[in-house]
Structures are given as C-alpha cells and as structure tokens.
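Novice: Coordinates in final_37.txt, compact mmCIF, C-alpha atoms, are listed below.
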```
# COMPACT_ATOMS: atom_id res chain seq x y z
CA MET A 76 -1.56 18.73 -1.50
CA GLN A 77 1.58 20.39 -2.82
CA GLY A 78 1.08 23.19 -0.29
CA TYR A 79 0.12 20.88 2.58
CA ARG A 80 1.25 21.92 6.06
CA ALA A 81 0.83 19.75 9.14
CA PRO A 82 -0.75 21.19 12.29
CA ARG A 83 1.81 23.06 14.38
CA TRP A 84 1.34 20.66 17.28
CA LEU A 85 2.60 17.76 15.09
CA PRO A 86 6.19 18.71 14.16
CA GLY A 87 8.49 16.41 12.15
CA GLY A 88 8.13 13.39 9.92
CA ASN A 89 8.09 10.75 12.64
CA VAL A 90 5.38 12.48 14.68
CA GLN A 91 3.35 13.09 11.51
CA THR A 92 3.63 9.35 10.79
CA ILE A 93 2.97 7.84 14.21
CA TRP A 94 0.31 10.11 15.73
CA PRO A 95 -2.20 9.89 12.86
CA ALA A 96 -1.92 6.11 12.72
CA LEU A 97 -2.62 5.78 16.43
CA PHE A 98 -4.99 8.63 17.26
CA GLY A 99 -6.26 10.42 14.13
CA GLN A 100 -9.99 10.38 13.39
CA ARG A 101 -10.56 7.96 10.50
CA HIS A 102 -14.20 8.39 9.54
CA GLN A 103 -17.32 10.43 10.09
CA GLY A 104 -20.46 8.97 11.59
CA ALA A 105 -21.05 5.27 12.18
CA PRO A 106 -18.22 2.71 12.01
CA LEU A 107 -17.58 1.20 8.59
CA GLN A 108 -19.22 -2.17 7.95
CA PHE A 109 -17.40 -4.10 5.23
CA ARG A 110 -18.81 -7.09 3.36
CA ARG A 111 -16.14 -9.74 2.87
CA GLU A 112 -15.89 -11.75 -0.34
CA ARG A 113 -13.39 -14.54 -1.00
CA TRP A 114 -11.80 -14.81 -4.44
CA THR A 115 -10.15 -18.09 -5.52
CA THR A 116 -6.75 -17.52 -7.12
CA PRO A 117 -5.34 -19.43 -10.11
CA ASP A 118 -3.00 -21.35 -7.76
CA ALA A 119 -5.95 -22.59 -5.63
CA ASP A 120 -5.32 -20.06 -2.88
CA PHE A 121 -7.60 -17.17 -1.90
CA ILE A 122 -7.81 -13.39 -1.66
CA ASP A 123 -10.20 -11.82 0.88
CA ALA A 124 -11.74 -8.61 -0.44
CA ASP A 125 -13.65 -6.18 1.80
CA TRP A 126 -16.43 -4.22 0.05
CA LEU A 127 -18.51 -1.12 0.79
CA GLY A 128 -21.49 -0.07 -1.33
CA GLU A 129 -23.68 -1.97 -3.76
CA ASP A 130 -24.32 0.28 -6.77
CA PRO A 131 -22.66 -1.46 -9.79
CA ASP A 132 -22.81 1.75 -11.86
CA ALA A 133 -21.20 4.09 -9.33
CA PRO A 134 -17.46 4.74 -9.53
CA LEU A 135 -15.42 2.08 -7.71
CA LEU A 136 -12.27 2.74 -5.70
CA VAL A 137 -9.96 -0.28 -5.47
CA MET A 138 -7.39 0.16 -2.71
CA PHE A 139 -4.12 -1.68 -2.03
CA HIS A 140 -2.77 -1.52 1.50
CA GLY A 141 0.81 -1.19 2.69
CA LEU A 142 3.15 -3.59 4.47
CA GLU A 143 1.14 -5.60 7.03
CA GLY A 144 -1.91 -3.42 6.42
CA SER A 145 -5.59 -4.42 6.22
CA SER A 146 -9.07 -2.92 6.01
CA GLN A 147 -8.55 -1.79 9.61
CA SER A 148 -5.57 0.45 8.73
CA HIS A 149 -6.18 4.13 9.40
CA TYR A 150 -5.66 5.19 5.78
CA VAL A 151 -7.95 2.46 4.42
CA GLN A 152 -10.72 3.53 6.79
CA ALA A 153 -10.31 7.17 5.76
CA PHE A 154 -10.56 6.38 2.03
CA ALA A 155 -13.49 4.00 2.56
CA ASP A 156 -15.25 6.74 4.53
CA TRP A 157 -14.67 9.18 1.66
CA ALA A 158 -16.20 6.64 -0.74
CA ARG A 159 -19.22 6.15 1.53
CA ARG A 160 -19.82 9.91 1.79
CA HIS A 161 -19.43 10.55 -1.94
CA GLY A 162 -21.52 7.70 -3.35
CA TRP A 163 -18.61 5.53 -4.54
CA ARG A 164 -18.22 1.79 -4.10
CA PHE A 165 -15.03 0.64 -2.38
CA VAL A 166 -13.07 -2.60 -2.25
CA LEU A 167 -9.84 -3.55 -0.52
CA PRO A 168 -8.39 -6.89 -1.67
CA HIS A 169 -6.03 -8.05 1.07
CA PHE A 170 -2.57 -9.20 0.09
CA ARG A 171 -2.00 -12.83 1.06
CA GLY A 172 -1.58 -13.30 4.79
CA CYS A 173 -3.09 -9.92 5.71
CA SER A 174 -6.81 -10.72 6.02
CA GLY A 175 -6.51 -12.50 9.36
CA GLU A 176 -6.31 -16.04 7.97
CA LEU A 177 -3.24 -17.98 6.87
CA ASN A 178 -3.18 -18.51 3.12
CA ARG A 179 -2.55 -21.92 1.58
CA ALA A 180 0.12 -21.40 -1.07
CA PRO A 181 3.90 -21.19 -0.35
CA ARG A 182 4.02 -17.47 -1.15
CA ALA A 183 3.05 -14.18 0.46
CA TYR A 184 3.24 -10.70 -1.13
CA HIS A 185 5.87 -8.13 -2.03
CA SER A 186 6.42 -4.58 -3.28
CA GLY A 187 6.80 -5.54 -6.92
CA ASP A 188 3.86 -7.96 -7.06
CA PHE A 189 2.30 -6.51 -10.21
CA GLU A 190 0.96 -9.88 -11.39
CA GLU A 191 -1.14 -10.24 -8.23
CA VAL A 192 -2.28 -6.61 -8.43
CA GLY A 193 -3.30 -7.14 -12.05
CA TRP A 194 -5.28 -10.24 -11.14
CA MET A 195 -7.01 -8.42 -8.28
CA LEU A 196 -7.94 -5.51 -10.54
CA ALA A 197 -9.33 -7.95 -13.11
CA GLN A 198 -11.54 -9.49 -10.42
CA ALA A 199 -12.85 -6.06 -9.46
CA ARG A 200 -13.49 -5.24 -13.12
CA GLN A 201 -15.52 -8.44 -13.56
CA ARG A 202 -17.69 -7.53 -10.57
CA HIS A 203 -18.32 -3.86 -11.37
CA ALA A 204 -19.91 -2.10 -14.34
CA GLY A 205 -18.96 1.51 -13.59
CA PRO A 206 -15.63 3.34 -13.83
CA ILE A 207 -12.75 2.16 -11.62
CA ALA A 208 -9.84 4.01 -10.04
CA ALA A 209 -7.11 2.45 -7.89
CA VAL A 210 -5.09 3.79 -4.97
CA GLY A 211 -2.08 2.03 -3.46
CA VAL A 212 -0.41 2.97 -0.20
CA SER A 213 3.32 2.51 0.50
CA LEU A 214 4.17 -1.07 -0.62
CA GLY A 215 0.77 -1.36 -2.32
CA GLY A 216 1.38 1.86 -4.23
CA ASN A 217 4.70 0.71 -5.63
CA ALA A 218 3.12 -2.59 -6.72
CA LEU A 219 0.22 -0.69 -8.34
CA LEU A 220 2.63 1.54 -10.27
CA ARG A 221 4.57 -1.55 -11.40
CA TRP A 222 1.30 -2.96 -12.74
CA ALA A 223 0.50 0.27 -14.59
CA GLU A 224 4.02 0.27 -16.07
CA GLU A 225 3.78 -3.33 -17.24
CA ALA A 226 0.23 -2.90 -18.57
CA GLY A 227 1.04 0.26 -20.54
CA ALA A 228 -1.81 1.30 -22.82
CA THR A 229 -3.86 -1.79 -21.90
CA ALA A 230 -4.28 -0.50 -18.31
CA ALA A 231 -7.04 1.85 -19.50
CA ALA A 232 -9.33 -1.13 -20.15
CA THR A 233 -9.35 -1.80 -16.40
CA VAL A 234 -8.91 1.51 -14.57
CA ARG A 235 -9.22 5.20 -15.40
CA ALA A 236 -6.50 6.45 -13.03
CA VAL A 237 -4.11 5.28 -10.30
CA ALA A 238 -2.44 6.92 -7.32
CA ALA A 239 0.52 5.80 -5.19
CA LEU A 240 0.78 7.34 -1.73
CA SER A 241 3.99 7.42 0.35
CA SER A 242 5.37 4.63 -1.83
CA PRO A 243 9.08 3.67 -1.80
CA VAL A 244 9.42 3.73 -5.57
CA ASP A 245 13.18 3.18 -5.07
CA LEU A 246 13.01 0.07 -2.89
CA ALA A 247 16.72 -0.01 -2.11
CA ALA A 248 16.73 3.57 -0.84
CA GLY A 249 13.65 2.95 1.29
CA GLY A 250 14.84 -0.44 2.50
CA HIS A 251 18.17 0.89 3.68
CA ALA A 252 16.54 3.95 5.29
CA ILE A 253 14.19 1.85 7.41
CA GLY A 254 17.14 -0.29 8.55
CA ARG A 255 19.02 2.57 10.22
CA GLY A 256 18.83 4.50 13.49
CA PHE A 257 15.43 5.42 14.91
CA ASN A 258 13.68 3.72 11.98
CA ARG A 259 15.34 0.40 12.81
CA LEU A 260 14.54 0.71 16.51
CA VAL A 261 10.87 1.56 15.99
CA TYR A 262 9.47 0.76 12.54
CA THR A 263 11.61 -2.27 11.66
CA ARG A 264 10.84 -3.88 15.02
CA MET A 265 7.12 -3.18 14.56
CA PHE A 266 7.02 -4.81 11.13
CA LEU A 267 9.13 -7.84 12.08
CA ARG A 268 6.95 -8.40 15.16
CA SER A 269 4.10 -9.45 12.85
CA MET A 270 6.05 -10.66 9.79
CA LYS A 271 8.21 -13.24 11.55
CA PRO A 272 5.33 -15.17 13.20
CA LYS A 273 3.47 -15.23 9.89
CA ALA A 274 6.56 -16.58 8.13
CA LEU A 275 6.97 -19.28 10.78
CA ARG A 276 3.35 -20.36 10.32
CA LYS A 277 4.04 -20.58 6.59
CA LEU A 278 7.09 -22.75 7.33
CA ALA A 279 4.98 -25.07 9.49
CA GLN A 280 2.53 -25.31 6.59
CA HIS A 281 5.30 -25.98 4.04
CA PRO A 282 8.28 -27.62 5.82
CA GLY A 283 11.66 -26.86 4.28
CA LEU A 284 10.47 -23.65 2.62
CA PHE A 285 13.32 -21.61 4.14
CA SER A 286 15.77 -21.67 7.05
CA ARG A 287 14.04 -21.14 10.40
CA GLU A 288 17.33 -20.21 12.05
CA LYS A 289 18.17 -17.55 9.47
CA LEU A 290 14.68 -16.08 9.71
CA LEU A 291 14.86 -15.84 13.51
CA ALA A 292 18.26 -14.16 13.21
CA ALA A 293 16.96 -11.44 10.84
CA ARG A 294 17.10 -8.00 12.44
CA THR A 295 16.33 -5.84 9.38
CA LEU A 296 13.89 -5.99 6.50
CA TYR A 297 16.87 -6.53 4.20
CA GLU A 298 17.76 -9.71 6.10
CA PHE A 299 14.12 -10.82 6.29
CA ASP A 300 13.65 -10.31 2.55
CA ASN A 301 16.84 -12.28 1.86
CA VAL A 302 15.52 -15.32 3.77
CA PHE A 303 11.80 -15.11 3.01
CA THR A 304 10.42 -12.58 0.53
CA ALA A 305 13.00 -12.79 -2.26
CA PRO A 306 13.38 -16.59 -2.64
CA LEU A 307 9.65 -17.30 -2.20
CA HIS A 308 8.78 -14.97 -5.07
CA GLY A 309 11.40 -15.86 -7.65
CA PHE A 310 14.18 -13.38 -6.84
CA ALA A 311 17.82 -14.28 -6.36
CA ASP A 312 18.17 -12.19 -3.19
CA THR A 313 17.06 -8.91 -1.61
CA ASP A 314 19.13 -6.79 -3.99
CA ASP A 315 17.57 -8.50 -7.01
CA TYR A 316 14.07 -8.09 -5.52
CA TRP A 317 14.56 -4.42 -4.71
CA ALA A 318 16.05 -3.67 -8.14
CA ARG A 319 13.38 -5.49 -10.17
CA GLY A 320 10.51 -4.47 -7.93
CA SER A 321 11.13 -0.70 -7.91
CA ALA A 322 8.67 1.43 -9.86
CA LYS A 323 10.91 4.48 -10.24
CA PRO A 324 12.95 3.35 -13.30
CA HIS A 325 9.81 2.62 -15.35
CA LEU A 326 7.49 5.53 -14.59
CA HIS A 327 7.81 6.81 -18.17
CA ARG A 328 5.99 3.67 -19.38
CA ILE A 329 2.69 4.56 -17.68
CA ARG A 330 -0.11 5.43 -20.12
CA ILE A 331 -3.00 6.31 -17.78
CA PRO A 332 -3.25 9.25 -15.33
CA ALA A 333 -1.04 8.41 -12.34
CA LEU A 334 -0.45 10.42 -9.18
CA VAL A 335 2.72 9.78 -7.14
CA LEU A 336 2.53 11.49 -3.74
CA ASN A 337 5.48 11.56 -1.31
CA ALA A 338 6.16 13.90 1.60
CA LEU A 339 9.73 15.16 1.64
CA ASN A 340 9.96 14.41 5.39
CA ASP A 341 8.79 10.78 5.06
CA PRO A 342 11.09 8.80 7.42
CA PHE A 343 10.80 5.67 5.23
CA VAL A 344 11.42 7.27 1.84
CA PRO A 345 14.49 9.54 1.47
CA ALA A 346 13.67 12.74 -0.43
CA ALA A 347 16.80 12.32 -2.55
CA SER A 348 15.42 9.02 -3.91
CA LEU A 349 12.16 10.50 -5.23
CA PRO A 350 11.54 10.87 -8.96
CA ARG A 351 11.91 14.29 -10.57
CA ALA A 352 9.73 15.77 -13.28
CA GLY A 353 12.20 14.90 -16.04
CA GLU A 354 12.26 11.23 -14.98
CA VAL A 355 8.56 10.49 -15.48
CA GLY A 356 6.26 10.43 -18.47
CA ALA A 357 3.52 12.87 -19.44
CA HIS A 358 0.83 10.80 -17.69
CA VAL A 359 2.48 10.99 -14.24
CA THR A 360 1.77 13.79 -11.76
CA LEU A 361 4.22 14.27 -8.88
CA TRP A 362 3.10 15.76 -5.58
CA GLN A 363 5.98 16.22 -3.13
CA PRO A 364 4.89 18.43 -0.23
CA VAL A 365 7.45 19.37 2.40
CA GLN A 366 5.47 17.83 5.27
CA GLY A 367 3.18 14.86 5.86
CA GLY A 368 5.32 11.99 7.13
CA HIS A 369 4.62 8.44 5.95
CA VAL A 370 0.90 8.04 5.14
CA GLY A 371 0.20 10.70 7.74
CA PHE A 372 -0.89 14.09 6.37
CA PRO A 373 -2.86 14.86 9.56
CA GLY A 374 -5.26 17.78 9.77
CA GLY A 375 -7.41 19.66 12.24
CA ARG A 376 -7.14 20.53 15.89
CA TRP A 377 -6.00 18.07 18.53
CA PRO A 378 -6.35 15.08 18.37
CA GLY A 379 -6.61 15.59 14.60
CA HIS A 380 -7.90 13.53 11.69
CA VAL A 381 -6.53 11.72 8.62
CA MET A 382 -9.21 12.78 6.12
CA THR A 383 -7.15 15.45 4.35
CA LEU A 384 -5.34 12.75 2.34
CA PRO A 385 -8.43 11.12 0.79
CA GLU A 386 -10.06 14.51 0.15
CA GLN A 387 -7.06 15.72 -1.84
CA VAL A 388 -6.21 12.46 -3.63
CA MET A 389 -9.79 11.61 -4.52
CA GLY A 390 -10.30 15.17 -5.73
CA TRP A 391 -7.46 14.60 -8.19
CA ILE A 392 -8.81 11.19 -9.21
CA THR A 393 -12.35 12.53 -9.71
CA ARG A 394 -10.98 15.15 -12.11
CA GLN A 395 -9.37 12.35 -14.16
CA LEU A 396 -12.71 10.56 -14.52
```
Translate this file's structure into structure tokens.
Specialist:
Amino acid sequence: MQGYRAPRWLPGGNVQTIWPALFGQRHQGAPLQFRRERWTTPDADFIDADWLGEDPDAPLLVMFHGLEGSSQSHYVQAFADWARRHGWRFVLPHFRGCSGELNRAPRAYHSGDFEEVGWMLAQARQRHAGPIAAVGVSLGGNALLRWAEEAGATAAATVRAVAALSSPVDLAAGGHAIGRGFNRLVYTRMFLRSMKPKALRKLAQHPGLFSREKLLAARTLYEFDNVFTAPLHGFADTDDYWARGSAKPHLHRIRIPALVLNALNDPFVPAASLPRAGEVGAHVTLWQPVQGGHVGFPGGRWPGHVMTLPEQVMGWITRQL
C-alpha cells in the first residue's frame, strides 16, 4: 500500500474520496446478506451487530465504521466481501444511532469511545472461538487505536492485530481541516445533514439534554461537538474532547501489531498531523502512501472498485496471525 497509485482518471484527494464512495464496485458476486444480532449494553441500551459467516473456528474480522457509517458503507461492504471470499467470519457492531433505529440512552458515539469499543470486542470474543482481528475506519479507527492504547498488553487476550484506516489520529487537526473551504461546503454539510436530525430525535427522547437553538445554529463539526458530542460523553467542550480522544499522543503504548494507514492527500486528515516513525512504538506500522484520498484507494478501470484496500490491509493482518 505504501506504493499505491490511484487510476489516472481519478486525480486528487477529493475525487479519490468521493468517486469510490458513490460508484466504486464493493463486492464480487451476489449481494452481501448480513445476519443482525442485538446486544444489550450495561446501561440497558443496545448495539446492533451485522454478521457474515458461521464457522466459530475461522478467523473473525471485527470492523468499526466511520462517522455516520453502517454495514451499507462502501468500505464495510468491501471488507465483508473479502472475508466471505477468504473463509473468514465478519461482524460490524454499529455505533449507537447508526443501525437505523434510535437508541434509548442519552448518549451517542464519538472518536475516543474506547470503552464502547472494548465492550463490543468483548462481545465478539464471547461469541467466537477462533482468532480475531479488528479494523476501524476513520472515526472508528481512532477509537480502536485508543482502545489498544488503553488496553496495552491485555489487548492480546481479545485480538491478534488491529488496523486504523484514514483515521484522524490528531482530532483537532482533522476537525479544523473539515471545517474549512471545500471541506466545509461539501463534507461538513453532508455529515450535519444526518447528525442534526438524529440529535433532535435524541432531544425529543430526553428533553433538556442540550440546547435545541444552539444545535440548529451549528455550522461546523466543532460547533456540533460543543453542543452535543462533548457534553453528552463527559467532556468539558470540543477542545477537551479532541485532546483526550486523539490516538496520536499514545501510539507508543500499543502492545499488539497495529497498522495505521493514511493517504497523504486525504482531505480530512492533514499530512502534517500524521505520526512519524519516531513517534510510535515498535508494534505500530505506518503506511502513508501519497495518494488514496479518505477511505478511497480506488483501483481498476472505469468505473473502478474499492477492493484494493481490503486486499492490502487484510494481507498485512493475515501475516500477523
């Protein structure tokens, strides 16, 4: 993946981000048919997990989606297809509010949610006998790395290896980047278009949870996080959330094989904010190809596919097993 080059007909980070998500081929053969299972959380809420495969002794891939993602996201479908073709089991536990049904508790999810990730991984471990690896994408990848950092040497009892793809491991750098220029006009609007209605449904469910007027006035993710994400999850404000939630300062604490993959032309994640080799521990592998966009890495002739990413990442993970 270090030498990855996008097709010539897809130039630039934004095109390599948007085109694959909208038009890239996600799987081979028949459409994926997930089996949904509902897990009851310690706070009497629920997590909806989508499964593929039944063999309890096969390797299991646990995947964590990005902001407003789901099992229908292009990257999830591509990794699930890889699992199906290579005899792995697959499960995607949805972050709260992302499975298509409003959750019960007065909380949602966030980039530093390592407690929830740890609980989800424990549920997968209870339900599967074979080896487990975990992949997190964007927000989900940062949260997965935060879990691996907090778990330290104990992480090996749950998973053999982890990978974070296109993750904003410096949340402040990524948060400010998505709030400027083209990113604000396109990506910020796209995210807020789904996040605001969900937050308002949560307010109707729990009156007084936050200020409706301030939420409606939010025009950036920074402002949204200040009203909703930060206070609902125990942070003083957005700056506190971004500082405490970022994986980058703690990468040296990871004690299992960990891959951190970021394209240098990712419009969400400034290249200058990425970790360097001297800033991570011996267990962390950095892949930082020049091209790829944000969770793009398209391949093939027009209209292209998004299966290069799982082939490369799962090749690395398989070698760790």
Novice: Using only C-alpha atoms, determine which residues lie at most 7 Å from range 226-228 of chain A, disregarding the query and same-chain residues fewer than 2 positions distant; provide the list as a PyMOL selection string.
Specialist: chain A and resi 222-224+230-231+328-330
Novice: Out of A:Thr360, A:Thr393, A:Ser186, A:Gln100, which residue has the shortest atom-to-atom distance to Pro332 in chain A when counting all atoms listed in the file?
Specialist: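 Using all atoms listed in the file, Pro332 in chain A sits closest to A:Thr360.
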Novice: Choose the residue, out of A:Met382, A:Ala232, A:Leu240, A:Ile392, that has the smallest atom-to-atom separation from Ala153 in chain A; count all atoms listed in the file.
Specialist: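 When distances to Ala153 in chain A are compared using all atoms listed in the file, the smallest one comes from A:Met382.
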Novice: Which one of A:Pro106, A:Gly215, A:Gly320, A:Pro82 sits closest to Phe170 in chain A if you count all atoms listed in the file?
Specialist: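 Checking each candidate against Phe170 in chain A, we get A:Gly215 as the closest.
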Novice: What lies within 12 Å of Gly78 in chain A using only C-alpha atoms, ignoring chain neighbours under 3 positions off, as a ChimeraX atom specification?
Specialist: /A:81,338-339,362-367,372,387
Novice: Quick one: which range 281-389 of chain A residues come within 12 Å of range 123-147 of chain A, and what is the nearest atom pair for each with the distance in Å to one decimal, counting only C-alpha atoms, rows ordered by chain and ascending number, as a Markdown table?
Specialist:
```
| residue | atom | partner | partner_atom | distance |
| --- | --- | --- | --- | --- |
| A:Leu296 | CA | A:Leu142 | CA | 11.2 |
| A:His369 | CA | A:Gly141 | CA | 10.9 |
| A:Val370 | CA | A:Gly141 | CA | 9.6 |
| A:Pro385 | CA | A:Leu136 | CA | 11.3 |
| A:Val388 | CA | A:Leu136 | CA | 11.6 |
| A:Met389 | CA | A:Leu136 | CA | 9.3 |
```
Novice: Interatomic distance between CA of Gln198 in chain A and CA of Trp114 in chain A?
Specialist: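 CA of Gln198 in chain A sits 8.0 Å away from CA of Trp114 in chain A.
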Novice: Skipping near chain neighbours, those fewer than 6 positions away, what residues fall within 8 Å of Thr304 in chain A using all atoms listed in the file, listed as a ChimeraX atom specification?
Specialist: /A:183-185,313
Novice: What's around Glu288 in chain A at 12 Å? Count only C-alpha atoms, leave out sequence neighbours fewer than 3 positions away in its own chain, and write the answer as a list in words.
Specialist: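 Listed by chain and then number, they are Lys271, Leu275, Leu278, Gly283, Phe285, Leu291, Ala292, Ala293, Phe299, Val302 and Phe303 of chain A.
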Novice: With distances taken over only C-alpha atoms, which of A:Pro306, A:Pro206, A:Pro378, A:Leu214 is nearest to Leu396 in chain A?
Specialist: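 Under the stated criterion, the closest residue is A:Pro206.
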Novice: If you take every atom of range 348-364 of chain A that the file lists and fit an axis-aligned box around them with 3 Å extra on each side, what centre and edge lengths come out in Å to one decimal, as JSON?
Specialist:
```
{"center_x": 8.1, "center_y": 13.7, "center_z": -9.8, "size_x": 20.6, "size_y": 15.4, "size_z": 25.2}
```
Novice: Let me make sure I understand: among A:Pro181, A:Pro345, A:Gly193, A:Pro324, which one has the smallest atom-to-atom distance to Ala119 in chain A if we use all atoms listed in the file?
Specialist: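 Smallest separation from Ala119 in chain A among the options: A:Pro181.
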Novice: If you measure from CA of Leu246 in chain A to CA of Glu354 in chain A, what distance in Å do you get, rounded to one decimal?
Specialist: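 Computing it gives 16.5 Å between the two atoms.
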Novice: With distances taken over only C-alpha atoms, which residue among A:Gly379, A:Pro350, A:Pro342, A:Pro117 lies nearest Gly250 in chain A?
Specialist: A:Pro342
Novice: Expressed in Å to a single decimal, how great is the separation between CA of Thr116 in chain A and CA of Phe189 in chain A?
Specialist: 14.6 Å
Novice: Would you pick out the contacts of Arg83 in chain A at 12 Å or less, using all atoms listed in the file, so that residues sharing its chain but fewer than 3 positions from it are not included, and give the list as a list in words?
Specialist: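 Counting all atoms listed in the file, the residues come to Arg80, Pro86, Gly87, Val90, Gln91, Gln366, Gly367, Pro373, Gly374, Gly375, Arg376, Trp377 and Gly379 of chain A.
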Novice: Counting all atoms listed in the file, write as a list in words all protein and nucleic acid residues lying at most 6 Å from (3.8, 3.2, -2.6) in the file's frame.
Specialist: Val212, Ser213, Leu214, Gly215, Gly216, Asn217, Ala239, Leu240, Ser241, Ser242 and Pro243 of chain A
